[in-house]
$ cat target.cif   # mmCIF, C-alpha atoms
data_query
loop_
_atom_site.label_atom_id
_atom_site.label_comp_id
_atom_site.auth_asym_id
_atom_site.auth_seq_id
_atom_site.Cartn_x
_atom_site.Cartn_y
_atom_site.Cartn_z
CA MET A 336 -15.08 -11.17 -10.49
CA ALA A 337 -12.78 -8.56 -11.98
CA GLN A 338 -13.88 -4.97 -12.29
CA GLU A 339 -12.20 -2.53 -14.61
CA PRO A 340 -14.03 0.81 -14.74
CA ASP A 341 -14.11 2.30 -18.22
CA ASP A 342 -12.18 5.43 -17.25
CA ASP A 343 -9.63 3.79 -14.92
CA PRO A 344 -6.58 1.84 -16.15
CA LEU A 345 -6.26 -0.08 -12.86
CA LEU A 346 -7.77 -3.49 -12.20
CA TYR A 347 -10.00 -4.32 -9.27
CA VAL A 348 -11.20 -7.59 -7.77
CA VAL A 349 -14.34 -8.00 -5.69
CA VAL A 350 -13.37 -9.59 -2.38
CA ASP A 351 -16.73 -9.96 -0.63
CA THR A 352 -20.42 -9.27 -0.92
CA VAL A 353 -20.39 -5.90 0.83
CA GLN A 354 -19.09 -4.29 -2.31
CA GLN A 355 -15.45 -3.96 -1.32
CA VAL A 356 -12.58 -4.47 -3.71
CA GLU A 357 -8.86 -5.07 -3.65
CA MET A 358 -7.09 -2.70 -5.96
CA CYS A 359 -4.19 -3.56 -8.22
CA LEU A 360 -4.03 -7.30 -7.86
CA SER A 361 -1.56 -8.73 -10.30
CA LEU A 362 -3.99 -9.92 -12.92
CA ASP A 363 -3.08 -10.94 -16.41
CA ARG A 364 -4.53 -8.26 -18.71
CA MET A 365 -5.08 -10.91 -21.36
CA GLY A 366 -8.02 -12.26 -19.41
CA SER A 367 -6.74 -15.17 -17.35
CA THR A 368 -7.93 -15.31 -13.78
CA ALA A 369 -6.01 -14.81 -10.57
CA LEU A 370 -6.88 -16.32 -7.22
CA VAL A 371 -6.76 -14.01 -4.21
CA GLY A 372 -4.26 -15.26 -1.65
CA THR A 373 -2.39 -17.63 -3.94
CA SER A 374 0.78 -17.39 -5.98
CA GLU A 375 -1.14 -17.20 -9.26
CA TYR A 376 0.00 -13.61 -9.87
CA HIS A 377 2.20 -13.00 -12.87
CA HIS A 378 1.71 -9.51 -14.28
CA PRO A 379 1.27 -6.21 -12.47
CA ALA A 380 -2.17 -4.66 -12.91
CA VAL A 381 -0.57 -1.26 -13.38
CA PRO A 382 1.89 -0.99 -16.27
CA VAL A 383 5.45 -0.95 -14.93
CA THR A 384 5.97 2.23 -16.95
CA THR A 385 3.56 4.18 -14.70
CA LYS A 386 5.41 7.32 -13.51
CA GLY A 387 5.16 9.94 -10.80
CA ARG A 388 2.28 10.20 -8.36
CA LEU A 389 -0.41 7.50 -8.27
CA VAL A 390 -3.65 8.34 -6.46
CA ILE A 391 -5.75 5.28 -5.67
CA PRO A 392 -9.46 6.17 -5.42
CA SER A 393 -11.56 5.27 -2.38
CA ALA A 394 -14.25 3.81 -4.61
CA VAL A 395 -14.70 2.67 -8.17
CA THR A 396 -17.78 2.15 -10.29
CA GLY A 397 -18.03 -1.05 -12.29
CA ARG A 398 -19.26 -1.25 -15.84
CA ARG A 399 -22.78 -2.06 -14.62
CA GLY A 400 -22.86 1.04 -12.43
CA ARG A 401 -22.26 -0.75 -9.14
CA ARG A 402 -20.03 1.14 -6.69
CA TYR A 403 -17.20 -0.67 -4.90
CA VAL A 404 -15.11 0.57 -1.96
CA VAL A 405 -11.35 0.03 -2.34
CA CYS A 406 -10.30 -1.74 0.86
CA ALA A 407 -6.83 -3.11 0.05
CA VAL A 408 -3.87 -3.08 -2.28
CA GLY A 409 -3.32 -6.70 -3.23
CA ARG A 410 -0.25 -8.89 -3.37
CA ALA A 411 2.40 -7.53 -5.76
CA GLY A 412 -0.15 -5.06 -7.11
CA LEU A 413 2.32 -2.30 -7.95
CA GLN A 414 5.48 -4.38 -7.85
CA GLY A 415 8.22 -3.22 -10.18
CA CYS A 416 6.71 0.16 -11.07
CA ALA A 417 10.20 1.63 -10.84
CA ALA A 418 9.19 5.17 -11.89
CA LEU A 419 6.51 5.76 -9.24
CA THR A 420 7.55 8.54 -6.84
CA GLU A 421 4.50 8.69 -4.57
CA VAL A 422 1.47 6.52 -3.84
CA VAL A 423 -1.60 8.03 -2.22
CA LEU A 424 -3.81 5.42 -0.55
CA PRO A 425 -7.52 6.08 0.08
CA ASP A 426 -8.89 6.40 3.61
CA SER A 427 -10.87 3.21 2.95
CA CYS A 428 -7.68 1.12 2.59
CA LEU A 429 -7.34 -1.40 5.45
CA ALA A 430 -4.58 -3.68 4.17
CA PHE A 431 -1.44 -3.42 2.07
CA GLY A 432 -0.41 -6.70 0.42
CA ASP A 433 2.92 -8.46 0.53
CA GLN A 434 5.33 -7.19 -2.11
CA ALA A 435 2.76 -4.52 -3.06
CA LEU A 436 5.39 -1.91 -3.98
CA GLN A 437 8.47 -4.10 -4.02
CA GLY A 438 11.13 -2.81 -6.38
CA CYS A 439 9.65 0.67 -6.84
CA GLU A 440 13.12 2.20 -6.85
CA LYS A 441 12.08 5.84 -7.23
CA LEU A 442 9.31 5.79 -4.63
CA GLU A 443 10.07 8.66 -2.26
CA CYS A 444 7.08 8.77 0.07
CA ILE A 445 3.93 6.94 1.04
CA THR A 446 1.11 7.77 3.43
CA PHE A 447 -0.91 5.04 5.11
CA PRO A 448 -4.47 6.12 6.02
CA PRO A 449 -5.99 6.19 9.53
CA ALA A 450 -7.91 2.93 8.98
CA MET A 451 -4.84 0.90 7.93
CA LYS A 452 -4.77 -2.37 9.89
CA VAL A 453 -2.03 -4.54 8.35
CA ILE A 454 0.99 -4.21 6.07
CA TYR A 455 2.35 -7.50 4.80
CA ALA A 456 5.87 -8.82 4.20
CA LYS A 457 8.22 -7.05 1.80
CA ALA A 458 5.50 -4.56 0.84
CA LEU A 459 8.11 -1.82 0.40
CA SER A 460 11.33 -3.75 -0.05
CA GLY A 461 13.59 -2.52 -2.81
CA CYS A 462 12.27 1.04 -2.50
CA SER A 463 15.73 2.54 -2.23
CA SER A 464 14.62 6.19 -2.60
CA LEU A 465 12.03 6.07 0.20
CA TRP A 466 12.74 8.95 2.58
CA ARG A 467 9.36 9.49 4.29
CA VAL A 468 6.75 7.03 5.58
CA THR A 469 3.67 8.68 7.07
CA VAL A 470 1.19 6.62 9.07
CA LEU A 471 -2.04 8.40 10.02
CA ALA A 472 -3.30 5.51 12.19
CA LYS A 473 -3.25 6.22 15.93
CA GLU A 474 -2.82 2.49 16.58
CA PRO A 475 0.28 1.14 14.81
CA PRO A 476 -0.85 -1.16 11.99
CA GLU A 477 0.30 -4.75 12.26
CA CYS A 478 3.46 -4.81 10.24
CA ALA A 479 5.89 -7.57 9.27
CA GLU A 480 9.48 -6.93 10.35
CA ASN A 481 10.67 -7.16 6.73
CA VAL A 482 8.23 -4.66 5.20
CA PHE A 483 11.11 -2.24 4.58
CA ASP A 484 14.75 -2.77 3.69
CA GLU A 485 17.37 -2.06 6.34
CA HIS A 486 18.40 1.02 4.33
CA THR A 487 14.89 2.49 4.78
CA TYR A 488 14.95 1.89 8.54
CA GLN A 489 18.28 3.72 8.73
CA THR A 490 17.56 6.69 6.43
CA ALA A 491 13.80 7.30 6.14
CA THR A 492 11.69 9.36 8.52
CA LEU A 493 8.58 7.84 10.08
CA VAL A 494 5.83 10.42 10.64
CA VAL A 495 3.10 9.42 13.13
CA PRO A 496 0.20 11.21 14.89
CA ALA A 497 1.12 13.37 17.89
CA GLY A 498 0.79 11.47 21.15
CA CYS A 499 1.25 8.09 19.46
CA GLU A 500 5.03 7.99 19.31
CA GLU A 501 5.39 5.62 22.27
CA ALA A 502 2.96 3.09 20.75
CA TYR A 503 5.04 3.07 17.56
CA ARG A 504 8.29 2.76 19.53
CA ARG A 505 6.91 -0.41 21.15
CA ALA A 506 5.44 -1.97 17.97
CA PRO A 507 7.54 -4.51 16.07
CA ALA A 508 8.89 -3.18 12.77
CA TRP A 509 7.86 0.42 13.54
CA ARG A 510 10.27 0.66 16.48
CA ARG A 511 13.15 0.23 14.06
CA PHE A 512 12.54 3.86 12.94
CA LYS A 513 12.98 5.15 16.52
CA HIS A 514 15.89 7.47 15.71
CA ARG A 515 14.04 9.08 12.83
CA MET A 516 10.49 9.42 14.12
CA VAL A 517 8.52 12.66 14.08
CA SER A 518 4.93 13.42 15.03
CA PHE A 519 2.27 15.77 13.69
CA GLU A 520 -1.09 17.16 14.80
CA PHE A 521 -4.18 16.31 12.72
#
$ encode --input "target.cif" --output "structure tokens"
Amino acid sequence: MAQEPDDDPLLYVVVDTVQQVEMCLSLDRMGSTALVGTSEYHHPAVPVTTKGRLVIPSAVTGRRGRRYVVCAVGRAGLQGCAALTEVVLPDSCLAFGDQALQGCEKLECITFPPAMKVIYAKALSGCSSLWRVTVLAKEPPECAENVFDEHTYQTATLVVPAGCEEAYRRAPAWRRFKHRMVSFEF
């Protein structure tokens, strides 16, 4: 069931009965359906001309007044939005889909919330301007080795919570930032 709040240009898909939604699944705006977890995605939910900073809300209200918690950014949801410079994920976001921001060439920074559990393959590949990746989770989220391009691993800074540096240095994918890792206090 697709949800598109009246005042929000993004698309949402209900993923279970506890009123959670995936945000920005690549749904065809002309009304055809997409199947979660399949390759039936063809068009980004957000226009590829979207520019600057994109703040994803923690909850949306459907047209019938029902409230849904945004729990994930779906597969290829923001793919090809070349003019995005920053994406702000809600604290409710648990998963970040494969190829979610692939090809967002001007993306400079992203912050993953404390509850983030998994970041799928190539989620941030082709983000050649990415210089800062902040992860607020004390436990390193499960992360595919190819989430980032080699260029990002060599040039971007990974910011993690103070006292968690060693856990990130041991975690696959995250350890590849080891020469450019900094920590912060909450």
$ residues_near_point --input "target.cif" --point "(-11.7, 1.5, 0.1)" --cutoff "6 Å" --atoms "only C-alpha atoms" --output "PyMOL selection string"
chain A and resi 393-394+404-406+427-428
$ resolve_selection --input "target.cif" --expression "the PyMOL selection byres ((chain A and resi 389) around 6)" --output "list in words"
Arg388, Val390 and Val422 of chain A
$ atom_distance --input "target.cif" --atom1 "CA of Cys478 in chain A" --atom2 "CA of Tyr403 in chain A"
25.9 Å
$ closest_residue --input "target.cif" --among "A:Arg401, A:Ile454, A:Cys462, A:Ala472" --to "Ala417 in chain A" --atoms "all atoms listed in the file"
A:Cys462
$ resolve_selection --input "target.cif" --expression "the PyMOL selection byres ((chain A and resi 494) around 7)" --output "JSON, numbers by chain"
{"A": [468, 469, 470, 492, 493, 495, 516, 517, 518]}
$ atom_distance --input "target.cif" --atom1 "CA of Glu443 in chain A" --atom2 "CA of Phe483 in chain A"
12.9 Å
$ resolve_selection --input "target.cif" --expression "the PyMOL selection byres ((chain A and resi 482) around 9)" --output "list in words"
Asp433, Gln434, Ile454, Tyr455, Ala456, Lys457, Ala458, Leu459, Ser460, Cys478, Ala479, Glu480, Asn481, Phe483, Asp484 and Ala508 of chain A
$ closest_residue --input "target.cif" --among "A:Ala435, A:Arg402, A:Pro392, A:Arg410" --to "Val423 in chain A" --atoms "only C-alpha atoms"
A:Pro392
$ closest_residue --input "target.cif" --among "A:Lys473, A:Arg515, A:Arg399, A:Arg510" --to "Ala497 in chain A" --atoms "only C-alpha atoms"
A:Lys473
$ closest_residue --input "target.cif" --among "A:Glu500, A:Phe512, A:Lys441, A:Ala506" --to "Glu485 in chain A" --atoms "only C-alpha atoms"
A:Phe512
$ axis_aligned_box --input "target.cif" --around "range 448-454 of chain A" --padding-each-side "6 Å" --output "JSON"
{"center_x": -3.5, "center_y": 0.8, "center_z": 8.0, "size_x": 20.9, "size_y": 22.7, "size_z": 15.9}
$ closest_residue --input "target.cif" --among "A:Lys452, A:Arg467, A:Arg504, A:Lys386" --to "Ala418 in chain A" --atoms "all atoms listed in the file"
A:Lys386
$ atom_distance --input "target.cif" --atom1 "CA of Glu520 in chain A" --atom2 "CA of Leu436 in chain A"
27.5 Å
$ closest_residue --input "target.cif" --among "A:Thr420, A:Lys513, A:Pro496, A:Gln414" --to "Pro449 in chain A" --atoms "only C-alpha atoms"
A:Pro496
$ decode --input "target.cif" --residues "range 386-418 of chain A" --atoms "N, CA, C and O atoms" --output "tab-separated table (two decimals), in the first residue's frame"
chain	number	residue	atom	x	y	z
A	386	LYS	N	17.61	19.16	-4.95
A	386	LYS	CA	18.91	19.77	-4.67
A	386	LYS	C	19.10	20.02	-3.19
A	386	LYS	O	18.15	20.16	-2.43
A	387	GLY	N	20.38	20.14	-2.79
A	387	GLY	CA	20.72	20.58	-1.45
A	387	GLY	C	20.50	19.54	-0.37
A	387	GLY	O	20.79	18.37	-0.54
A	388	ARG	N	19.94	20.00	0.72
A	388	ARG	CA	19.76	19.19	1.93
A	388	ARG	C	18.37	18.56	1.92
A	388	ARG	O	17.37	19.25	1.76
A	389	LEU	N	18.31	17.24	2.13
A	389	LEU	CA	17.04	16.52	2.21
A	389	LEU	C	16.89	15.97	3.61
A	389	LEU	O	17.73	15.19	4.06
A	390	VAL	N	15.85	16.40	4.31
A	390	VAL	CA	15.56	15.92	5.66
A	390	VAL	C	14.41	14.92	5.55
A	390	VAL	O	13.32	15.29	5.12
A	391	ILE	N	14.67	13.69	5.92
A	391	ILE	CA	13.64	12.65	5.90
A	391	ILE	C	12.96	12.65	7.26
A	391	ILE	O	13.63	12.52	8.29
A	392	PRO	N	11.64	12.77	7.31
A	392	PRO	CA	10.94	12.83	8.59
A	392	PRO	C	10.94	11.48	9.30
A	392	PRO	O	11.08	10.44	8.67
A	393	SER	N	10.75	11.49	10.62
A	393	SER	CA	10.69	10.24	11.38
A	393	SER	C	9.32	9.58	11.26
A	393	SER	O	9.17	8.40	11.51
A	394	ALA	N	8.33	10.37	10.88
A	394	ALA	CA	6.98	9.82	10.71
A	394	ALA	C	6.25	10.61	9.64
A	394	ALA	O	6.57	11.78	9.41
A	395	VAL	N	5.30	9.96	9.02
A	395	VAL	CA	4.45	10.62	8.03
A	395	VAL	C	3.00	10.27	8.35
A	395	VAL	O	2.72	9.27	8.99
A	396	THR	N	2.11	11.12	7.91
A	396	THR	CA	0.69	10.88	8.11
A	396	THR	C	0.06	10.63	6.75
A	396	THR	O	0.23	11.43	5.82
A	397	GLY	N	-0.62	9.51	6.62
A	397	GLY	CA	-1.27	9.15	5.37
A	397	GLY	C	-2.51	10.00	5.14
A	397	GLY	O	-2.95	10.75	6.02
A	398	ARG	N	-3.06	9.86	3.98
A	398	ARG	CA	-4.23	10.65	3.61
A	398	ARG	C	-5.44	10.39	4.50
A	398	ARG	O	-6.31	11.22	4.62
A	399	ARG	N	-5.50	9.24	5.12
A	399	ARG	CA	-6.61	8.91	6.02
A	399	ARG	C	-6.29	9.24	7.47
A	399	ARG	O	-6.99	8.84	8.38
A	400	GLY	N	-5.20	9.97	7.69
A	400	GLY	CA	-4.84	10.41	9.02
A	400	GLY	C	-4.06	9.42	9.85
A	400	GLY	O	-3.73	9.68	11.00
A	401	ARG	N	-3.72	8.28	9.28
A	401	ARG	CA	-2.95	7.27	10.01
A	401	ARG	C	-1.48	7.65	10.01
A	401	ARG	O	-0.94	8.07	8.98
A	402	ARG	N	-0.82	7.52	11.16
A	402	ARG	CA	0.59	7.90	11.30
A	402	ARG	C	1.47	6.67	11.08
A	402	ARG	O	1.19	5.60	11.59
A	403	TYR	N	2.55	6.86	10.30
A	403	TYR	CA	3.48	5.79	10.01
A	403	TYR	C	4.90	6.23	10.39
A	403	TYR	O	5.30	7.34	10.08
A	404	VAL	N	5.65	5.33	11.01
A	404	VAL	CA	7.04	5.60	11.39
A	404	VAL	C	7.93	5.21	10.21
A	404	VAL	O	7.80	4.13	9.65
A	405	VAL	N	8.85	6.09	9.83
A	405	VAL	CA	9.79	5.79	8.74
A	405	VAL	C	10.91	4.95	9.33
A	405	VAL	O	11.66	5.39	10.20
A	406	CYS	N	11.01	3.70	8.85
A	406	CYS	CA	12.00	2.78	9.43
A	406	CYS	C	13.14	2.43	8.48
A	406	CYS	O	14.10	1.80	8.90
A	407	ALA	N	13.05	2.82	7.21
A	407	ALA	CA	14.10	2.46	6.26
A	407	ALA	C	14.06	3.36	5.03
A	407	ALA	O	13.02	3.92	4.71
A	408	VAL	N	15.20	3.46	4.38
A	408	VAL	CA	15.26	4.04	3.04
A	408	VAL	C	15.40	2.84	2.12
A	408	VAL	O	16.31	2.03	2.29
A	409	GLY	N	14.49	2.70	1.20
A	409	GLY	CA	14.44	1.52	0.35
A	409	GLY	C	15.47	1.49	-0.76
A	409	GLY	O	16.19	2.46	-1.01
A	410	ARG	N	15.49	0.36	-1.45
A	410	ARG	CA	16.41	0.10	-2.54
A	410	ARG	C	16.30	1.19	-3.61
A	410	ARG	O	15.23	1.48	-4.10
A	411	ALA	N	17.44	1.80	-3.93
A	411	ALA	CA	17.56	2.81	-4.99
A	411	ALA	C	16.63	4.00	-4.77
A	411	ALA	O	16.33	4.72	-5.72
A	412	GLY	N	16.23	4.25	-3.54
A	412	GLY	CA	15.27	5.29	-3.24
A	412	GLY	C	15.67	6.70	-3.64
A	412	GLY	O	14.83	7.48	-4.04
A	413	LEU	N	16.93	7.03	-3.52
A	413	LEU	CA	17.40	8.37	-3.87
A	413	LEU	C	18.48	8.30	-4.95
A	413	LEU	O	19.22	9.24	-5.16
A	414	GLN	N	18.57	7.18	-5.59
A	414	GLN	CA	19.59	6.94	-6.60
A	414	GLN	C	19.54	7.99	-7.70
A	414	GLN	O	18.47	8.34	-8.19
A	415	GLY	N	20.70	8.53	-8.04
A	415	GLY	CA	20.81	9.46	-9.14
A	415	GLY	C	20.41	10.89	-8.85
A	415	GLY	O	20.39	11.71	-9.75
A	416	CYS	N	20.12	11.20	-7.60
A	416	CYS	CA	19.81	12.60	-7.24
A	416	CYS	C	21.14	13.33	-7.13
A	416	CYS	O	21.64	13.60	-6.04
A	417	ALA	N	21.71	13.66	-8.27
A	417	ALA	CA	23.07	14.16	-8.35
A	417	ALA	C	23.30	15.49	-7.64
A	417	ALA	O	24.44	15.82	-7.32
A	418	ALA	N	22.25	16.27	-7.38
A	418	ALA	CA	22.43	17.58	-6.77
A	418	ALA	C	22.21	17.59	-5.26
A	418	ALA	O	22.33	18.63	-4.63
